[in-house]
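Enquirer: Just one file: protein.txt, with compact mmCIF, C-alpha atoms.
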```txt
# COMPACT_ATOMS: atom_id res chain seq x y z
CA MET A 1 0.00 0.00 0.00
CA LEU A 2 1.02 3.59 -0.61
CA VAL A 3 0.64 4.45 3.07
CA ASP A 4 3.12 1.71 4.00
CA ALA A 5 5.61 3.01 1.44
CA ILE A 6 5.28 6.57 2.77
CA ARG A 7 5.71 5.38 6.36
CA ALA A 8 8.81 3.36 5.47
CA GLU A 9 10.46 6.20 3.54
CA SER A 10 9.65 8.68 6.30
CA TYR A 11 11.27 6.42 8.88
CA ARG A 12 14.39 5.96 6.76
CA LEU A 13 14.70 9.71 6.21
CA SER A 14 14.26 10.42 9.93
CA LYS A 15 17.31 8.25 10.62
CA ASN A 16 19.44 10.04 8.02
CA ARG A 17 20.40 13.07 10.06
CA THR A 18 23.11 14.14 7.63
CA ALA A 19 20.65 14.48 4.74
CA LEU A 20 18.18 16.28 6.98
CA PHE A 21 20.82 18.76 8.11
CA TRP A 22 21.99 19.64 4.61
CA SER A 23 18.47 19.80 3.17
CA LEU A 24 16.67 21.63 5.97
CA LEU A 25 19.08 23.46 8.26
CA PHE A 26 22.24 24.36 6.36
CA VAL A 27 20.88 27.21 4.22
CA PRO A 28 18.82 28.91 6.98
CA VAL A 29 21.61 28.59 9.56
CA VAL A 30 24.38 29.82 7.26
CA GLY A 31 22.17 32.62 5.98
CA LEU A 32 21.39 33.67 9.55
CA LEU A 33 25.08 33.66 10.51
CA ILE A 34 26.06 35.72 7.46
CA SER A 35 23.29 38.26 7.98
CA THR A 36 24.11 38.57 11.69
CA ALA A 37 27.79 39.17 10.94
CA THR A 38 26.82 41.76 8.32
CA PHE A 39 24.54 43.60 10.76
CA ILE A 40 27.17 43.63 13.51
CA PHE A 41 29.86 44.89 11.12
CA ALA A 42 27.57 47.62 9.78
CA LYS A 43 26.63 48.68 13.31
CA ALA A 44 30.26 48.77 14.46
CA ASN A 45 31.22 50.93 11.50
CA GLU A 46 28.05 53.02 11.39
CA ALA A 47 29.93 56.31 11.63
CA LYS A 48 32.26 55.42 8.77
CA LEU A 49 29.41 54.10 6.65
CA ALA A 50 27.13 57.08 7.25
CA GLY A 51 25.09 57.66 4.11
CA LYS A 52 26.27 54.39 2.59
CA LEU A 53 24.13 51.92 4.54
CA PRO A 54 21.20 50.35 2.70
CA PRO A 55 17.73 51.72 3.45
CA GLY A 56 16.35 50.31 6.69
CA LEU A 57 19.64 50.29 8.61
CA GLY A 58 20.84 52.83 11.12
CA LEU A 59 19.51 54.39 14.29
CA ASN A 60 17.00 56.63 12.56
CA ALA A 61 15.44 53.91 10.46
CA SER A 62 11.70 53.39 10.56
CA PRO A 63 10.13 50.50 12.53
CA LEU A 64 10.74 47.08 11.03
CA ASN A 65 7.56 45.46 9.69
CA LEU A 66 7.93 41.70 9.99
CA GLY A 67 4.90 41.18 7.75
CA GLU A 68 6.54 42.95 4.83
CA GLY A 69 9.70 40.99 5.54
CA LEU A 70 7.75 37.74 5.18
CA VAL A 71 6.46 38.80 1.76
CA SER A 72 9.98 39.73 0.62
CA SER A 73 11.32 36.41 1.86
CA ALA A 74 8.58 34.44 0.12
CA ALA A 75 9.54 36.02 -3.20
CA GLU A 76 13.03 34.51 -2.88
CA PHE A 77 12.24 31.06 -1.45
CA ALA A 78 13.39 29.09 -4.49
CA ASN A 79 16.88 30.56 -4.70
CA PRO A 80 19.78 28.47 -6.07
CA ALA A 81 21.15 27.65 -2.61
CA VAL A 82 17.82 26.22 -1.40
CA LEU A 83 17.36 24.25 -4.63
CA MET A 84 20.84 22.78 -4.44
CA PHE A 85 20.75 21.69 -0.79
CA VAL A 86 17.19 20.36 -0.81
CA LEU A 87 18.31 18.24 -3.74
CA ILE A 88 20.78 16.45 -1.43
CA GLY A 89 17.99 14.96 0.65
CA ALA A 90 15.83 14.29 -2.41
CA ALA A 91 18.61 12.48 -4.25
CA THR A 92 19.36 10.39 -1.17
CA ILE A 93 15.74 9.25 -1.06
CA PHE A 94 15.33 8.70 -4.80
CA ALA A 95 18.60 6.83 -5.37
CA GLY A 96 19.12 5.22 -1.98
CA ASP A 97 17.73 1.81 -2.95
CA TYR A 98 19.92 1.72 -6.05
CA ARG A 99 22.99 2.59 -4.02
CA TRP A 100 22.35 -0.03 -1.33
CA GLU A 101 20.86 -2.58 -3.77
CA THR A 102 17.67 -3.03 -1.75
CA TRP A 103 15.03 -2.72 -4.48
CA ARG A 104 14.76 -6.49 -4.88
CA LEU A 105 13.79 -6.70 -1.20
CA THR A 106 11.18 -3.93 -1.17
CA THR A 107 9.52 -4.73 -4.51
CA ALA A 108 8.51 -8.12 -3.11
CA ARG A 109 6.42 -6.37 -0.46
CA ASN A 110 4.72 -3.57 -2.40
CA SER A 111 3.92 -2.48 -5.94
CA ARG A 112 6.42 -0.45 -7.90
CA PRO A 113 4.20 2.63 -8.37
CA ASN A 114 3.50 2.72 -4.63
CA LEU A 115 7.19 2.44 -3.77
CA LEU A 116 8.17 5.26 -6.10
CA LEU A 117 5.23 7.47 -5.17
CA GLY A 118 6.04 6.90 -1.50
CA LYS A 119 9.45 8.44 -2.13
CA VAL A 120 7.86 11.34 -4.01
CA VAL A 121 5.41 12.09 -1.18
CA VAL A 122 8.21 12.10 1.40
CA VAL A 123 10.34 14.39 -0.77
CA VAL A 124 7.37 16.73 -1.20
CA GLY A 125 7.09 16.81 2.59
CA LEU A 126 10.81 17.56 2.75
CA THR A 127 10.38 20.53 0.40
CA ILE A 128 7.56 21.88 2.59
CA ALA A 129 9.77 21.57 5.67
CA ALA A 130 12.62 23.31 3.82
CA THR A 131 10.31 26.17 2.86
CA VAL A 132 9.21 26.60 6.48
CA ALA A 133 12.84 26.45 7.68
CA VAL A 134 13.87 29.21 5.27
CA LEU A 135 10.92 31.30 6.40
CA ILE A 136 11.86 30.86 10.08
CA GLY A 137 15.47 31.76 9.28
CA ASP A 138 14.38 34.98 7.57
CA ILE A 139 12.16 35.91 10.52
CA ALA A 140 15.08 35.33 12.90
CA SER A 141 17.31 37.48 10.68
CA ASN A 142 14.84 40.36 10.85
CA LEU A 143 14.60 40.03 14.63
CA ILE A 144 18.38 40.20 14.94
CA LYS A 145 18.43 43.22 12.62
CA ALA A 146 15.95 44.97 14.89
CA MET A 147 18.05 44.17 17.97
CA VAL A 148 21.37 45.27 16.46
CA PHE A 149 20.07 48.55 15.03
CA LYS A 150 17.61 49.16 17.89
CA ARG A 151 14.63 49.36 15.59
CA ALA A 152 11.06 48.99 16.75
CA LEU A 153 9.15 45.94 15.58
CA THR A 154 5.72 45.92 14.00
CA PHE A 155 3.65 43.31 12.21
CA SER A 156 0.98 44.20 9.71
CA LEU A 157 -0.26 42.71 6.46
CA THR A 158 -2.91 44.11 4.18
CA GLY A 159 -5.27 41.75 2.40
CA GLY A 160 -3.22 42.11 -0.78
CA GLN A 161 0.06 41.41 1.02
CA LEU A 162 -1.43 38.34 2.68
CA ALA A 163 -2.52 37.03 -0.71
CA ASP A 164 0.94 37.77 -2.14
CA LEU A 165 2.54 35.89 0.77
CA ALA A 166 0.36 32.82 0.19
CA TRP A 167 0.81 32.74 -3.59
CA LEU A 168 4.55 33.47 -3.51
CA THR A 169 5.10 30.76 -0.90
CA LEU A 170 3.14 28.30 -3.02
CA LEU A 171 5.09 29.31 -6.13
CA GLY A 172 8.47 28.97 -4.40
CA TRP A 173 7.51 25.57 -3.05
CA GLY A 174 6.31 24.48 -6.50
CA ARG A 175 9.61 25.56 -8.05
CA ILE A 176 11.52 23.43 -5.52
CA VAL A 177 9.30 20.42 -6.25
CA GLN A 178 9.81 20.91 -9.99
CA PHE A 179 13.58 20.95 -9.53
CA VAL A 180 13.76 17.78 -7.45
CA MET A 181 11.57 15.91 -9.97
CA LEU A 182 14.53 16.15 -12.34
CA GLY A 183 16.52 14.33 -9.69
CA LEU A 184 13.89 11.60 -9.55
CA LEU A 185 14.04 11.03 -13.30
CA ALA A 186 17.85 11.05 -13.27
CA ALA A 187 17.95 8.55 -10.39
CA VAL A 188 15.60 6.11 -12.13
CA LEU A 189 17.27 6.38 -15.55
CA THR A 190 20.87 6.11 -14.35
CA ARG A 191 20.47 4.23 -11.01
CA SER A 192 23.06 6.67 -9.67
CA LEU A 193 23.03 8.95 -6.62
CA LEU A 194 25.57 11.27 -8.23
CA ALA A 195 23.43 11.62 -11.34
CA ALA A 196 20.40 12.45 -9.20
CA LEU A 197 22.48 15.20 -7.61
CA PHE A 198 24.27 16.67 -10.62
CA VAL A 199 21.89 16.22 -13.56
CA PRO A 200 19.35 18.74 -12.19
CA LEU A 201 22.18 21.19 -11.48
CA VAL A 202 23.56 20.85 -15.01
CA VAL A 203 20.08 21.20 -16.51
CA GLY A 204 19.43 24.25 -14.34
CA ILE A 205 22.69 25.90 -15.43
CA GLY A 206 21.90 25.15 -19.07
CA GLN A 207 18.43 26.63 -18.74
CA PHE A 208 19.93 29.78 -17.24
CA PHE A 209 21.80 30.45 -20.50
CA LEU A 210 19.09 29.09 -22.81
CA PRO A 211 16.98 32.28 -23.12
CA ASN A 212 19.94 34.26 -24.45
CA LEU A 213 20.76 31.46 -26.87
CA LEU A 214 17.18 31.28 -28.12
CA ALA A 215 17.03 35.07 -28.43
CA SER A 216 20.15 35.03 -30.60
CA MET A 217 18.36 32.51 -32.83
CA GLY A 218 15.43 34.87 -33.27
CA VAL A 219 13.03 33.25 -30.78
CA SER A 220 10.76 35.87 -29.26
CA PRO A 221 10.77 36.04 -25.43
CA GLU A 222 7.04 36.80 -25.59
CA GLY A 223 6.20 33.50 -27.29
CA TRP A 224 5.39 30.12 -25.79
CA LEU A 225 8.71 28.39 -26.44
CA MET A 226 10.91 30.08 -23.85
CA PRO A 227 8.70 29.50 -20.77
CA LEU A 228 8.07 25.92 -21.90
CA LEU A 229 11.80 25.22 -22.13
CA THR A 230 12.89 27.17 -19.05
CA PRO A 231 10.91 26.58 -15.83
CA GLY A 232 12.83 29.39 -14.16
CA MET A 233 11.38 31.84 -16.68
CA ALA A 234 7.94 30.29 -16.19
CA ALA A 235 8.26 30.87 -12.44
CA ASP A 236 9.35 34.47 -13.04
CA LEU A 237 6.26 35.06 -15.17
CA LEU A 238 4.04 33.73 -12.39
CA LYS A 239 5.86 35.84 -9.80
CA ALA A 240 5.28 38.97 -11.89
CA VAL A 241 1.59 38.09 -12.23
CA ILE A 242 1.33 37.72 -8.45
CA HIS A 243 3.04 41.06 -7.79
CA GLY A 244 0.74 42.83 -10.26
CA GLY A 245 1.08 46.56 -10.81
CA PRO A 246 3.20 48.05 -13.63
CA THR A 247 5.31 44.89 -13.85
CA ALA A 248 2.29 42.75 -14.68
CA GLY A 249 1.18 45.30 -17.26
CA SER A 250 4.37 44.78 -19.25
CA LEU A 251 4.09 40.99 -19.32
CA PRO A 252 3.60 39.13 -22.62
CA PRO A 253 0.10 37.94 -23.54
CA GLN A 254 -1.19 34.86 -21.67
CA ALA A 255 1.66 35.07 -19.16
CA LEU A 256 -0.30 33.18 -16.51
CA ALA A 257 -1.06 30.26 -18.85
CA LYS A 258 2.54 30.15 -20.09
CA GLY A 259 3.94 30.14 -16.58
CA LEU A 260 1.57 27.46 -15.28
CA LEU A 261 2.10 25.23 -18.31
CA GLY A 262 5.88 25.60 -18.26
CA LEU A 263 6.21 24.83 -14.57
CA GLY A 264 3.61 22.06 -14.77
CA LEU A 265 5.31 20.30 -17.67
CA TRP A 266 8.72 20.36 -16.00
CA THR A 267 7.12 18.85 -12.89
CA GLY A 268 4.72 16.32 -14.40
CA VAL A 269 6.78 14.99 -17.31
CA PRO A 270 9.82 13.92 -15.22
CA LEU A 271 7.48 12.33 -12.65
CA ALA A 272 5.49 10.43 -15.28
CA GLY A 273 8.66 9.42 -17.13
CA ALA A 274 10.24 8.07 -13.95
CA ILE A 275 7.14 6.02 -13.10
CA VAL A 276 6.87 4.55 -16.60
CA TRP A 277 10.58 3.68 -16.78
CA PHE A 278 10.59 2.25 -13.26
CA GLN A 279 7.74 -0.09 -14.19
CA ARG A 280 9.86 -1.61 -16.98
CA GLN A 281 13.17 -1.64 -15.13
CA ASP A 282 15.01 -4.85 -14.28
CA LEU A 283 15.61 -4.73 -10.53
CA SER A 284 16.73 -8.31 -10.02
CA LYS A 285 20.27 -7.13 -9.25
CA GLU A 286 19.33 -3.97 -7.39
```
Spit out the file's structure as structure tokens when you get a sec.
Expert:
Amino acid sequence: MLVDAIRAESYRLSKNRTALFWSLLFVPVVGLLISTATFIFAKANEAKLAGKLPPGLGLNASPLNLGEGLVSSAAEFANPAVLMFVLIGAATIFAGDYRWETWRLTTARNSRPNLLLGKVVVVVGLTIAATVAVLIGDIASNLIKAMVFKRALTFSLTGGQLADLAWLTLLGWGRIVQFVMLGLLAAVLTRSLLAALFVPLVVGIGQFFLPNLLASMGVSPEGWLMPLLTPGMAADLLKAVIHGGPTAGSLPPQALAKGLLGLGLWTGVPLAGAIVWFQRQDLSKE
């Protein structure tokens, strides 16, 4: 049963503290340490940096609104650091049975789709936990900023900001899920933990340069091809739609549909491909 597969994968992940640390805690903790060091340095050199500090720092800065900070953080959830380190835990789950040659033991107790979907559900849960961890780290960073620069704290969100927070969080989480699905497909096709780690990174780097390459070939950035080939661009379109205002007014026609389709294809196709290939795979020696 699928529930049994999910329970088994959850238990195995809970015992892998190294993967949990790198996937959940490393980015928030390191980010918090770097931001704290930056705040302390800026405060210690406030006189020398007078007029050069970014807006929001200094003794005369306005009160710090934690609600606005949450919205700003949500817009940057799916940054390259988060994608890369969440992939460590995802690759460990997706390729673990290939590495330890335990598939022939587990496939005798459950169906192949259930076993693979159990891994997917646990990884999806891992991405949710990573999103929450990043959010908590950003809140802690803002609290430390307020303490170091002696700024008052407030918390307020308008209805529009609350909607932006919800949609941006969902979008960032969806982008992380899309990225780790590439790791799933790589793990099933190659039976390799290293491939599950590095193939998504290589694909992501290639997609970063792809829009410029396509533009040099005469492909219009306002067409359907670019967002369908680059999920990062699809996510940017959706982010601009969520923000609204003048930015949304300059978007290409059908930006919402292009963004949803691009991100959906790069999530669903790797997942479906992995399931189909896994069904046909010889696991007698795995």
Enquirer: Hey, which of A:Gly218, A:Gly159, A:Pro227, A:Gly69 ends up closest to Ile139 of chain A? Count all atoms listed in the file.
Expert: A:Gly69
Enquirer: Have a look at atom CA of Ala5 of chain A and atom CA of Thr107 of chain A and let me know their distance in Å, one decimal.
Expert: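 So the two atoms, atom CA of Ala5 of chain A and atom CA of Thr107 of chain A, lie 10.5 Å apart.
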Enquirer: Rounded to one decimal place, report the atom CA of Leu197 of chain A-atom CA of Val269 of chain A distance in Å.
Expert: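 Computing the Euclidean distance for atom CA of Leu197 of chain A and atom CA of Val269 of chain A yields 18.5 Å.
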Enquirer: Build an axis-aligned box that encloses every atom of segment 274-285 of chain A listed in the file, pad it by 5 Å on each side, and report its centre and edge lengths in Å to one decimal, as AutoDock Vina command-line options.
Expert:
```
--center_x 13.6 --center_y -0.1 --center_z -13.1 --size_x 23.4 --size_y 26.4 --size_z 17.7
```
Enquirer: For a quick check of understanding, using all atoms listed in the file, which of A:Ser62, A:Thr267, A:Ser141, A:Thr18 has the smallest distance to Ile40 of chain A?
Expert: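 The shortest atom-to-atom distance to Ile40 of chain A comes from A:Ser141.
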Enquirer: For atom CA of Asp236 of chain A and atom CA of Thr127 of chain A, determine how far apart the two atoms are, in Å to one decimal place.
Expert: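 Result for atom CA of Asp236 of chain A versus atom CA of Thr127 of chain A: 19.4 Å, one decimal.
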Enquirer: Determine, counting all atoms listed in the file, every residue of protein, DNA or RNA that lies within 12 Å of (0.6, 31.7, -20.6) in the file coordinates, then give the result as a PDB file with C-alpha atoms, in the frame of the given file.
Expert:
```pdb
ATOM      1  CA  GLU A 222       7.040  36.800 -25.590  1.00  0.00           C
ATOM      2  CA  GLY A 223       6.200  33.500 -27.290  1.00  0.00           C
ATOM      3  CA  TRP A 224       5.390  30.120 -25.790  1.00  0.00           C
ATOM      4  CA  LEU A 225       8.710  28.390 -26.440  1.00  0.00           C
ATOM      5  CA  MET A 226      10.910  30.080 -23.850  1.00  0.00           C
ATOM      6  CA  PRO A 227       8.700  29.500 -20.770  1.00  0.00           C
ATOM      7  CA  LEU A 228       8.070  25.920 -21.900  1.00  0.00           C
ATOM      8  CA  MET A 233      11.380  31.840 -16.680  1.00  0.00           C
ATOM      9  CA  ALA A 234       7.940  30.290 -16.190  1.00  0.00           C
ATOM     10  CA  ALA A 235       8.260  30.870 -12.440  1.00  0.00           C
ATOM     11  CA  ASP A 236       9.350  34.470 -13.040  1.00  0.00           C
ATOM     12  CA  LEU A 237       6.260  35.060 -15.170  1.00  0.00           C
ATOM     13  CA  LEU A 238       4.040  33.730 -12.390  1.00  0.00           C
ATOM     14  CA  VAL A 241       1.590  38.090 -12.230  1.00  0.00           C
ATOM     15  CA  LEU A 251       4.090  40.990 -19.320  1.00  0.00           C
ATOM     16  CA  PRO A 252       3.600  39.130 -22.620  1.00  0.00           C
ATOM     17  CA  PRO A 253       0.100  37.940 -23.540  1.00  0.00           C
ATOM     18  CA  GLN A 254      -1.190  34.860 -21.670  1.00  0.00           C
ATOM     19  CA  ALA A 255       1.660  35.070 -19.160  1.00  0.00           C
ATOM     20  CA  LEU A 256      -0.300  33.180 -16.510  1.00  0.00           C
ATOM     21  CA  ALA A 257      -1.060  30.260 -18.850  1.00  0.00           C
ATOM     22  CA  LYS A 258       2.540  30.150 -20.090  1.00  0.00           C
ATOM     23  CA  GLY A 259       3.940  30.140 -16.580  1.00  0.00           C
ATOM     24  CA  LEU A 260       1.570  27.460 -15.280  1.00  0.00           C
ATOM     25  CA  LEU A 261       2.100  25.230 -18.310  1.00  0.00           C
ATOM     26  CA  GLY A 262       5.880  25.600 -18.260  1.00  0.00           C
ATOM     27  CA  LEU A 263       6.210  24.830 -14.570  1.00  0.00           C
ATOM     28  CA  GLY A 264       3.610  22.060 -14.770  1.00  0.00           C
TER      29      GLY A 264
END
```
Enquirer: Do a neighbour search on segment 161-164 of chain A at 12 Å with all atoms listed in the file, toss out local chain neighbours closer than 3 positions, and write the hits as a PyMOL selection string.
Expert: chain A and resi 66-75+155-158+167-172+238-244
Enquirer: Which one is closest to Ile88 of chain A: A:Phe209, A:Trp277, A:Phe179, A:Trp22? Count only C-alpha atoms.
Expert: A:Trp22
Enquirer: Using all atoms listed in the file, pick whichever of A:Pro63, A:Gly273, A:Gly118, A:Pro80 has the shortest atom-to-atom distance to Ala187 of chain A.
Expert: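 The closest residue to Ala187 of chain A is A:Gly273.
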